[in-house]
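Undergrad: Handing you a structure now.
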Amino acid sequence: MSIIPIGPLMIRADIVLFLICAAAGLAALRIRLRQEPQREWVLDTFLTALIIGFISWKFGMLLFDPIRTLQHPTSLIYMTGGTRGIWLGCILALLYVGLRWNKSRVNSGLLLKSAMLSAFASGLAGSIFQWLWADGASVTISLFYIVLFGVLLILSWVQFQKPLTHYLTLGLGRNRAVLLLMSALFIWVIYDFASNSASERDAGAPSQGEHADHIIEGLKPGLRAPDVALLNLEGQEVKLSDYRGQTVLLNFWASWCPPCEVEMPYMQDFYDKHQDEDVVILAVNMTHLETNMSEVQAFVEQNGLTFPVLYDRNGENTKSYEVVAYPTTYVISPNGIISERFQGAINEDLMEQAYRKARE
């Protein structure tokens with residue numbers, strides 16, 4: 001998850017991605033269904049299902065974590081329901097479509113074809129967005145999906161007026177469609193194996209125990225994290241390199257930052273659960289942006305932070321890590337390699353996923 005700066009605004013990339021995919025799917029349906037008598041019914045159903053899915057995903061944390069959400073209502077602005085919210089949104093949207101179809105008994109074939117067409121259009125738009133944005137993602141994989149969804153969209157568009165059985169095979173016939181699918185999966189397996197092997201060779205295939213100092217230093221996933229040397233409240237110097245062999249969540253925060261305030265309880269819960277498992281959180285306060293130290297200390301005490309809190313008094317480390325959205329968290333594997341970067345507040349589920357990925 002990342003943040004997209006639009007002027008003075010910072011917008012979550014996953015929300016932008018959802019809106020782009022939804023707009024692409026809706027636009028494809030509006031154009032392709034223009035001659036269909038049931039066009040408005042399908043469009044209305046599609047749009048309402050999208051709204052139900054989005055609300056369930058965005059505000060799902062009210063259901064999954066009601067106590068903390070009520071304690072920090074602003075979390076509804078900065079966070080989502082995560083993976084569970086996505087599943088909830090999909091289930092509720094499908095239930096709505098099923099109930100609406102059962103009530104009107106509209107052409108089920110038209111509904112299924114419309115769903116597939118919108119899915120291919122959404123997939124194409126989402127793949128293009130990820131290719132252009134590509135925040136640590138594989139550009140090659142994004143291009144692969146652009147081609148895949150582009151071909152599927154064209155075929156489904158051309159075959160839209162055909163009977164459902166013909167449409168489901170994209171006009172290729174059952175045997176050819178199955179053969180094409182098996183060939184695509186085989187090509188994908190070969191490509192995935194070759195790309196992973198190449199990545200391991202390029203990175204020298206460092207093990208978790210190696211320092212991997214031969215890997216170039218940088219801020220993208222797969223590169224070696226620049227070292228950090230900062231003082232804690234007691235005036236002791238703490239370095240990032242002191243924690244080689246441990247998974248590190250390097251978190252940049254400020255006491256006046258609302259999403260930082262939302263995120264910190266999740267950080268502390270994650271740390272309480274995993275502090276005995278070779279994982280540490282280094283919370284770097286952007287002290288050069290603070291009004292006074294008393295507010296910083298009040299923030300630390302209020303949230304009961306027990307992990308190391310460091311102070312970037314001159315902003316040197318904040319600048320070197322190119323922190324432009326608050327908070328920003330770098331997940332660093334035990335061998336000092338950046339595994340993931342998150343801009344904006346993240347919850348405990350995302351921390352768990354990032355931790356497991358960094359340990360692989």
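Letters A, B, ... go to the chains of the structure tokens in the order shown; residues in each chain start at 1; ligands are counted from 1 in the same order.
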Residues near stretch 243-260 of chain A, anyone? I mean within 8 Å using only C-alpha atoms, not counting same-chain ones fewer than 5 positions away, as JSON, numbers by chain.

TA: {"A": [74, 75, 78, 208, 209, 211, 278, 279, 280, 281, 282, 283, 284, 285, 286, 287, 289, 290, 295, 296, 299, 318, 323, 326, 327, 328, 329, 330, 331, 332, 333, 334, 335, 336, 344, 345, 355, 358, 359]}

Undergrad: Enumerate as a ChimeraX atom specification all residues of stretch 212-268 of chain A assigned to alpha helix (DSSP H) by DSSP on the backbone, naming them with the chain letters and numbers the document uses.

TA: /A:258-268

Undergrad: Could you take the residues named above and write them with N, CA and C atoms, as a PDB file, in the first residue's frame?

TA:
```pdb
ATOM      1  N   PRO A 258      -2.210  12.833  12.569  1.00  0.00           N
ATOM      2  CA  PRO A 258      -3.363  11.984  12.912  1.00  0.00           C
ATOM      3  C   PRO A 258      -3.206  10.520  12.513  1.00  0.00           C
ATOM      4  N   PRO A 259      -2.774  10.194  11.273  1.00  0.00           N
ATOM      5  CA  PRO A 259      -2.611   8.772  10.949  1.00  0.00           C
ATOM      6  C   PRO A 259      -1.531   8.088  11.767  1.00  0.00           C
ATOM      7  N   CYS A 260      -0.518   8.854  12.228  1.00  0.00           N
ATOM      8  CA  CYS A 260       0.496   8.265  13.114  1.00  0.00           C
ATOM      9  C   CYS A 260      -0.136   7.862  14.437  1.00  0.00           C
ATOM     10  N   GLU A 261      -1.033   8.713  14.924  1.00  0.00           N
ATOM     11  CA  GLU A 261      -1.727   8.432  16.182  1.00  0.00           C
ATOM     12  C   GLU A 261      -2.612   7.203  16.044  1.00  0.00           C
ATOM     13  N   VAL A 262      -3.238   7.041  14.882  1.00  0.00           N
ATOM     14  CA  VAL A 262      -4.079   5.875  14.628  1.00  0.00           C
ATOM     15  C   VAL A 262      -3.239   4.607  14.557  1.00  0.00           C
ATOM     16  N   GLU A 263      -2.071   4.711  13.928  1.00  0.00           N
ATOM     17  CA  GLU A 263      -1.248   3.539  13.654  1.00  0.00           C
ATOM     18  C   GLU A 263      -0.524   2.995  14.888  1.00  0.00           C
ATOM     19  N   MET A 264      -0.102   3.864  15.797  1.00  0.00           N
ATOM     20  CA  MET A 264       0.782   3.458  16.893  1.00  0.00           C
ATOM     21  C   MET A 264       0.234   2.341  17.780  1.00  0.00           C
ATOM     22  N   PRO A 265      -1.065   2.341  18.147  1.00  0.00           N
ATOM     23  CA  PRO A 265      -1.563   1.206  18.948  1.00  0.00           C
ATOM     24  C   PRO A 265      -1.396  -0.136  18.243  1.00  0.00           C
ATOM     25  N   TYR A 266      -1.553  -0.146  16.911  1.00  0.00           N
ATOM     26  CA  TYR A 266      -1.339  -1.384  16.158  1.00  0.00           C
ATOM     27  C   TYR A 266       0.141  -1.775  16.189  1.00  0.00           C
ATOM     28  N   MET A 267       1.023  -0.781  16.093  1.00  0.00           N
ATOM     29  CA  MET A 267       2.457  -1.040  16.177  1.00  0.00           C
ATOM     30  C   MET A 267       2.800  -1.691  17.522  1.00  0.00           C
ATOM     31  N   GLN A 268       2.258  -1.132  18.602  1.00  0.00           N
ATOM     32  CA  GLN A 268       2.566  -1.659  19.932  1.00  0.00           C
ATOM     33  C   GLN A 268       2.017  -3.072  20.108  1.00  0.00           C
TER      34      GLN A 268
END
```

Undergrad: Would you list the contacts of A:Leu50 as a list in words, taking every protein, DNA or RNA residue within 8 Å and counting only C-alpha atoms, but skipping same-chain residues closer than 4 positions in sequence?

TA: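 After dropping sequence-adjacent residues, the list is Ala22, Phe46, Phe54 and Ala93 of chain A.
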
Undergrad: Leaving out A:Glu237 and any residue of its chain fewer than 4 positions from it, which residues lie within 12 Å of it when counting only C-alpha atoms, given as a count of residues only?

TA: 13

Undergrad: List every residue of stretch 91-257 of chain A that DSSP, applied to the backbone of this structure, places in strand (DSSP E), and write the result as a VMD selection string.

TA: chain A and resid 229 to 232 237 to 239 247 to 253

Undergrad: Restricting it to all heavy atoms, dump the selection as a compact mmCIF listing (two decimals), in the first residue's frame.

TA:
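Below you can see result_14.txt, which holds the result:
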```
# COMPACT_ATOMS: atom_id res chain seq x y z
N ALA A 229 21.72 6.24 12.06
CA ALA A 229 22.40 6.43 13.34
C ALA A 229 21.75 7.62 14.05
O ALA A 229 21.92 8.77 13.65
CB ALA A 229 23.89 6.67 13.13
N LEU A 230 20.96 7.33 15.09
CA LEU A 230 20.22 8.36 15.80
C LEU A 230 20.33 8.15 17.30
O LEU A 230 20.69 7.07 17.78
CB LEU A 230 18.74 8.33 15.39
CG LEU A 230 18.43 8.78 13.95
CD1 LEU A 230 16.99 8.43 13.60
CD2 LEU A 230 18.67 10.27 13.79
N LEU A 231 19.98 9.18 18.06
CA LEU A 231 20.03 9.10 19.51
C LEU A 231 18.65 8.79 20.07
O LEU A 231 17.63 9.25 19.53
CB LEU A 231 20.54 10.42 20.11
CG LEU A 231 21.93 10.88 19.68
CD1 LEU A 231 22.27 12.20 20.36
CD2 LEU A 231 22.98 9.82 20.00
N ASN A 232 18.63 8.00 21.15
CA ASN A 232 17.38 7.80 21.86
C ASN A 232 17.23 8.87 22.94
O ASN A 232 18.07 9.78 23.04
CB ASN A 232 17.30 6.38 22.45
CG ASN A 232 18.43 6.10 23.42
OD1 ASN A 232 19.07 7.00 23.96
ND2 ASN A 232 18.70 4.81 23.65
N GLU A 237 23.48 6.35 21.17
CA GLU A 237 23.37 6.21 19.72
C GLU A 237 22.86 4.82 19.37
O GLU A 237 23.35 3.81 19.89
CB GLU A 237 24.72 6.44 19.06
CG GLU A 237 24.63 6.42 17.52
CD GLU A 237 25.96 6.67 16.84
OE1 GLU A 237 26.82 5.77 16.89
OE2 GLU A 237 26.12 7.76 16.26
N VAL A 238 21.88 4.77 18.49
CA VAL A 238 21.31 3.51 18.02
C VAL A 238 21.41 3.50 16.50
O VAL A 238 21.04 4.46 15.84
CB VAL A 238 19.83 3.38 18.45
CG1 VAL A 238 19.23 2.09 17.89
CG2 VAL A 238 19.71 3.42 19.97
N LYS A 239 21.91 2.39 15.97
CA LYS A 239 22.07 2.25 14.53
C LYS A 239 21.15 1.15 14.00
O LYS A 239 20.90 0.16 14.70
CB LYS A 239 23.52 1.91 14.17
CG LYS A 239 24.52 3.01 14.46
CD LYS A 239 25.90 2.58 14.01
CE LYS A 239 26.93 3.67 14.25
NZ LYS A 239 28.28 3.27 13.78
N THR A 247 14.30 -8.81 11.91
CA THR A 247 13.40 -8.07 11.03
C THR A 247 13.11 -6.73 11.67
O THR A 247 12.76 -6.66 12.85
CB THR A 247 12.09 -8.83 10.80
OG1 THR A 247 12.40 -10.11 10.23
CG2 THR A 247 11.17 -8.07 9.86
N VAL A 248 13.26 -5.66 10.91
CA VAL A 248 13.09 -4.31 11.45
C VAL A 248 11.95 -3.60 10.73
O VAL A 248 11.88 -3.60 9.50
CB VAL A 248 14.38 -3.48 11.30
CG1 VAL A 248 14.17 -2.07 11.84
CG2 VAL A 248 15.54 -4.16 12.01
N LEU A 249 11.06 -2.99 11.52
CA LEU A 249 10.07 -2.06 10.99
C LEU A 249 10.57 -0.66 11.33
O LEU A 249 10.52 -0.24 12.49
CB LEU A 249 8.69 -2.30 11.59
CG LEU A 249 7.80 -3.37 10.93
CD1 LEU A 249 8.42 -4.76 11.09
CD2 LEU A 249 6.40 -3.34 11.50
N LEU A 250 11.09 0.03 10.32
CA LEU A 250 11.62 1.38 10.50
C LEU A 250 10.51 2.36 10.20
O LEU A 250 10.14 2.57 9.05
CB LEU A 250 12.82 1.59 9.57
CG LEU A 250 13.58 2.91 9.71
CD1 LEU A 250 14.25 3.01 11.08
CD2 LEU A 250 14.62 3.04 8.60
N ASN A 251 9.97 2.95 11.27
CA ASN A 251 8.76 3.77 11.16
C ASN A 251 9.07 5.24 11.42
O ASN A 251 9.64 5.59 12.46
CB ASN A 251 7.70 3.26 12.16
CG ASN A 251 6.47 4.11 12.19
OD1 ASN A 251 6.27 4.91 13.09
ND2 ASN A 251 5.61 3.94 11.20
N PHE A 252 8.71 6.11 10.47
CA PHE A 252 8.89 7.54 10.63
C PHE A 252 7.54 8.17 11.01
O PHE A 252 6.55 7.97 10.30
CB PHE A 252 9.41 8.16 9.32
CG PHE A 252 10.81 7.75 8.97
CD1 PHE A 252 11.06 6.57 8.29
CD2 PHE A 252 11.89 8.55 9.32
CE1 PHE A 252 12.35 6.18 7.96
CE2 PHE A 252 13.19 8.17 9.00
CZ PHE A 252 13.42 6.99 8.33
N TRP A 253 7.53 8.94 12.10
CA TRP A 253 6.27 9.45 12.63
C TRP A 253 6.46 10.83 13.26
O TRP A 253 7.58 11.28 13.51
CB TRP A 253 5.70 8.49 13.67
CG TRP A 253 6.58 8.36 14.89
CD1 TRP A 253 7.68 7.58 15.01
CD2 TRP A 253 6.43 9.07 16.13
NE1 TRP A 253 8.25 7.73 16.26
CE2 TRP A 253 7.50 8.64 16.97
CE3 TRP A 253 5.52 10.00 16.62
CZ2 TRP A 253 7.66 9.13 18.27
CZ3 TRP A 253 5.69 10.48 17.90
CH2 TRP A 253 6.75 10.03 18.72
```

Undergrad: Nearest to A:Gly126 among A:Arg174, A:Val16, A:Asn292, A:Leu33, with distances taken over only C-alpha atoms: which residue is it?

TA: A:Val16

Undergrad: A:Trp87: which residues within 9 Å, counting only C-alpha atoms, same-chain residues fewer than 5 positions away excluded, as a PyMOL selection string?

TA: chain A and resi 53+56-57+82+92

Undergrad: Emit the selected residues as a short mmCIF file (atom, residue, chain, number, x, y, z; two decimals), in the first residue's frame, including C-alpha atoms.

TA:
```cif
data_model
loop_
_atom_site.label_atom_id
_atom_site.label_comp_id
_atom_site.auth_asym_id
_atom_site.auth_seq_id
_atom_site.Cartn_x
_atom_site.Cartn_y
_atom_site.Cartn_z
CA GLY A 53 -18.35 -3.56 -1.90
CA SER A 56 -17.82 -2.86 3.25
CA TRP A 57 -14.09 -2.82 2.47
CA GLY A 82 -8.06 -5.07 4.86
CA LEU A 92 -22.36 -8.69 0.22
#
```

Undergrad: Within 12 Å of A:Ser108, counting only C-alpha atoms, which residues qualify if same-chain residues fewer than 4 places away don't, as a VMD selection string?

TA: chain A and resid 38 42 97 to 98 100 to 102 104 112 to 115 163 to 164

Undergrad: Can you spit out the residues from that selection as a PDB file, in the first residue's frame, using N, CA and C atoms?

TA:
```pdb
ATOM      1  N   GLN A  38     -32.121  -3.990 -21.490  1.00  0.00           N
ATOM      2  CA  GLN A  38     -31.942  -4.079 -20.031  1.00  0.00           C
ATOM      3  C   GLN A  38     -30.686  -3.352 -19.561  1.00  0.00           C
ATOM      4  N   VAL A  42     -28.802  -3.352 -15.693  1.00  0.00           N
ATOM      5  CA  VAL A  42     -27.468  -3.911 -15.482  1.00  0.00           C
ATOM      6  C   VAL A  42     -26.532  -2.850 -14.907  1.00  0.00           C
ATOM      7  N   VAL A  97     -26.548  -8.736  -5.814  1.00  0.00           N
ATOM      8  CA  VAL A  97     -26.806  -9.048  -7.222  1.00  0.00           C
ATOM      9  C   VAL A  97     -27.744 -10.247  -7.336  1.00  0.00           C
ATOM     10  N   GLY A  98     -27.512 -11.283  -6.501  1.00  0.00           N
ATOM     11  CA  GLY A  98     -28.370 -12.463  -6.536  1.00  0.00           C
ATOM     12  C   GLY A  98     -29.806 -12.147  -6.173  1.00  0.00           C
ATOM     13  N   ARG A 100     -31.300  -9.207  -6.332  1.00  0.00           N
ATOM     14  CA  ARG A 100     -31.879  -8.330  -7.358  1.00  0.00           C
ATOM     15  C   ARG A 100     -32.250  -9.132  -8.614  1.00  0.00           C
ATOM     16  N   TRP A 101     -31.388 -10.074  -8.978  1.00  0.00           N
ATOM     17  CA  TRP A 101     -31.696 -10.914 -10.135  1.00  0.00           C
ATOM     18  C   TRP A 101     -32.914 -11.788  -9.852  1.00  0.00           C
ATOM     19  N   ASN A 102     -32.996 -12.358  -8.661  1.00  0.00           N
ATOM     20  CA  ASN A 102     -34.107 -13.240  -8.307  1.00  0.00           C
ATOM     21  C   ASN A 102     -35.432 -12.488  -8.326  1.00  0.00           C
ATOM     22  N   SER A 104     -36.127  -9.699 -10.241  1.00  0.00           N
ATOM     23  CA  SER A 104     -36.499  -9.237 -11.582  1.00  0.00           C
ATOM     24  C   SER A 104     -36.450 -10.334 -12.634  1.00  0.00           C
ATOM     25  N   LEU A 112     -24.137 -12.417 -16.560  1.00  0.00           N
ATOM     26  CA  LEU A 112     -22.834 -13.066 -16.435  1.00  0.00           C
ATOM     27  C   LEU A 112     -21.843 -12.511 -17.456  1.00  0.00           C
ATOM     28  N   LYS A 113     -22.298 -12.308 -18.688  1.00  0.00           N
ATOM     29  CA  LYS A 113     -21.417 -11.745 -19.707  1.00  0.00           C
ATOM     30  C   LYS A 113     -20.995 -10.320 -19.340  1.00  0.00           C
ATOM     31  N   SER A 114     -21.914  -9.566 -18.779  1.00  0.00           N
ATOM     32  CA  SER A 114     -21.596  -8.195 -18.362  1.00  0.00           C
ATOM     33  C   SER A 114     -20.569  -8.200 -17.237  1.00  0.00           C
ATOM     34  N   ALA A 115     -20.716  -9.147 -16.305  1.00  0.00           N
ATOM     35  CA  ALA A 115     -19.767  -9.243 -15.191  1.00  0.00           C
ATOM     36  C   ALA A 115     -18.363  -9.571 -15.702  1.00  0.00           C
ATOM     37  N   PRO A 163     -24.304 -16.584 -27.888  1.00  0.00           N
ATOM     38  CA  PRO A 163     -24.904 -17.322 -26.759  1.00  0.00           C
ATOM     39  C   PRO A 163     -23.878 -17.520 -25.630  1.00  0.00           C
ATOM     40  N   LEU A 164     -24.401 -17.711 -24.410  1.00  0.00           N
ATOM     41  CA  LEU A 164     -23.529 -17.785 -23.237  1.00  0.00           C
ATOM     42  C   LEU A 164     -22.492 -18.895 -23.350  1.00  0.00           C
TER      43      LEU A 164
END
```

Undergrad: Do you have the atom CA of A:Gly150-atom CA of A:Ile55 distance handy?

TA: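 That distance, rounded to one decimal, is 28.6 Å.
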
Undergrad: Please provide as JSON, numbers by chain all residues within 12 Å of A:Met61, with the sequence filter that same-chain residues fewer than 4 positions apart are discarded (counting only C-alpha atoms).

TA: {"A": [55, 56, 57, 65, 66, 67, 68, 69, 70, 72, 73, 74, 75, 76, 77, 78, 79, 80, 81, 82, 83, 84, 85, 86, 88, 347, 348, 349]}

Undergrad: Find the residue from A:Leu168, A:Leu148, A:Ser339, A:Gln275 that sits nearest to A:Phe307; use only C-alpha atoms when measuring.

TA: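 Nearest candidate to A:Phe307 out of A:Leu168, A:Leu148, A:Ser339, A:Gln275: A:Gln275.
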
Undergrad: Please indicate the distance in Å from atom CA of A:Leu47 to atom CA of A:Ala27, rounded to one decimal place.

TA: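 If I compute the distance from atom CA of A:Leu47 to atom CA of A:Ala27, I get 11.0 Å.
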
Undergrad: When you count only C-alpha atoms, which of these residues is closest to A:Leu110: A:Glu360, A:Glu36, A:Glu316, A:Asp227?

TA: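 Once distances to A:Leu110 are computed over only C-alpha atoms, the minimum belongs to A:Glu36.
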
Undergrad: Pick out the closest residue to A:Val106 from this set: A:Arg176, A:His166, A:Arg39, A:His274. Count only C-alpha atoms.

TA: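 Smallest separation from A:Val106 among the options: A:Arg39.
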
Undergrad: Counting only C-alpha atoms, figure out which residue out of A:Phe270, A:Tyr96, A:Arg356, A:Arg34 gets nearest to A:Ile51.

TA: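 Looking at the shortest contact to A:Ile51, the residue is A:Tyr96.
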
Undergrad: When distances are computed from only C-alpha atoms, which of A:Gln343, A:Leu219, A:Gln35, A:Cys90 shows the smallest separation from A:Ala13?

TA: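 Among A:Gln343, A:Leu219, A:Gln35, A:Cys90, it is A:Gln343 that comes nearest to A:Ala13.
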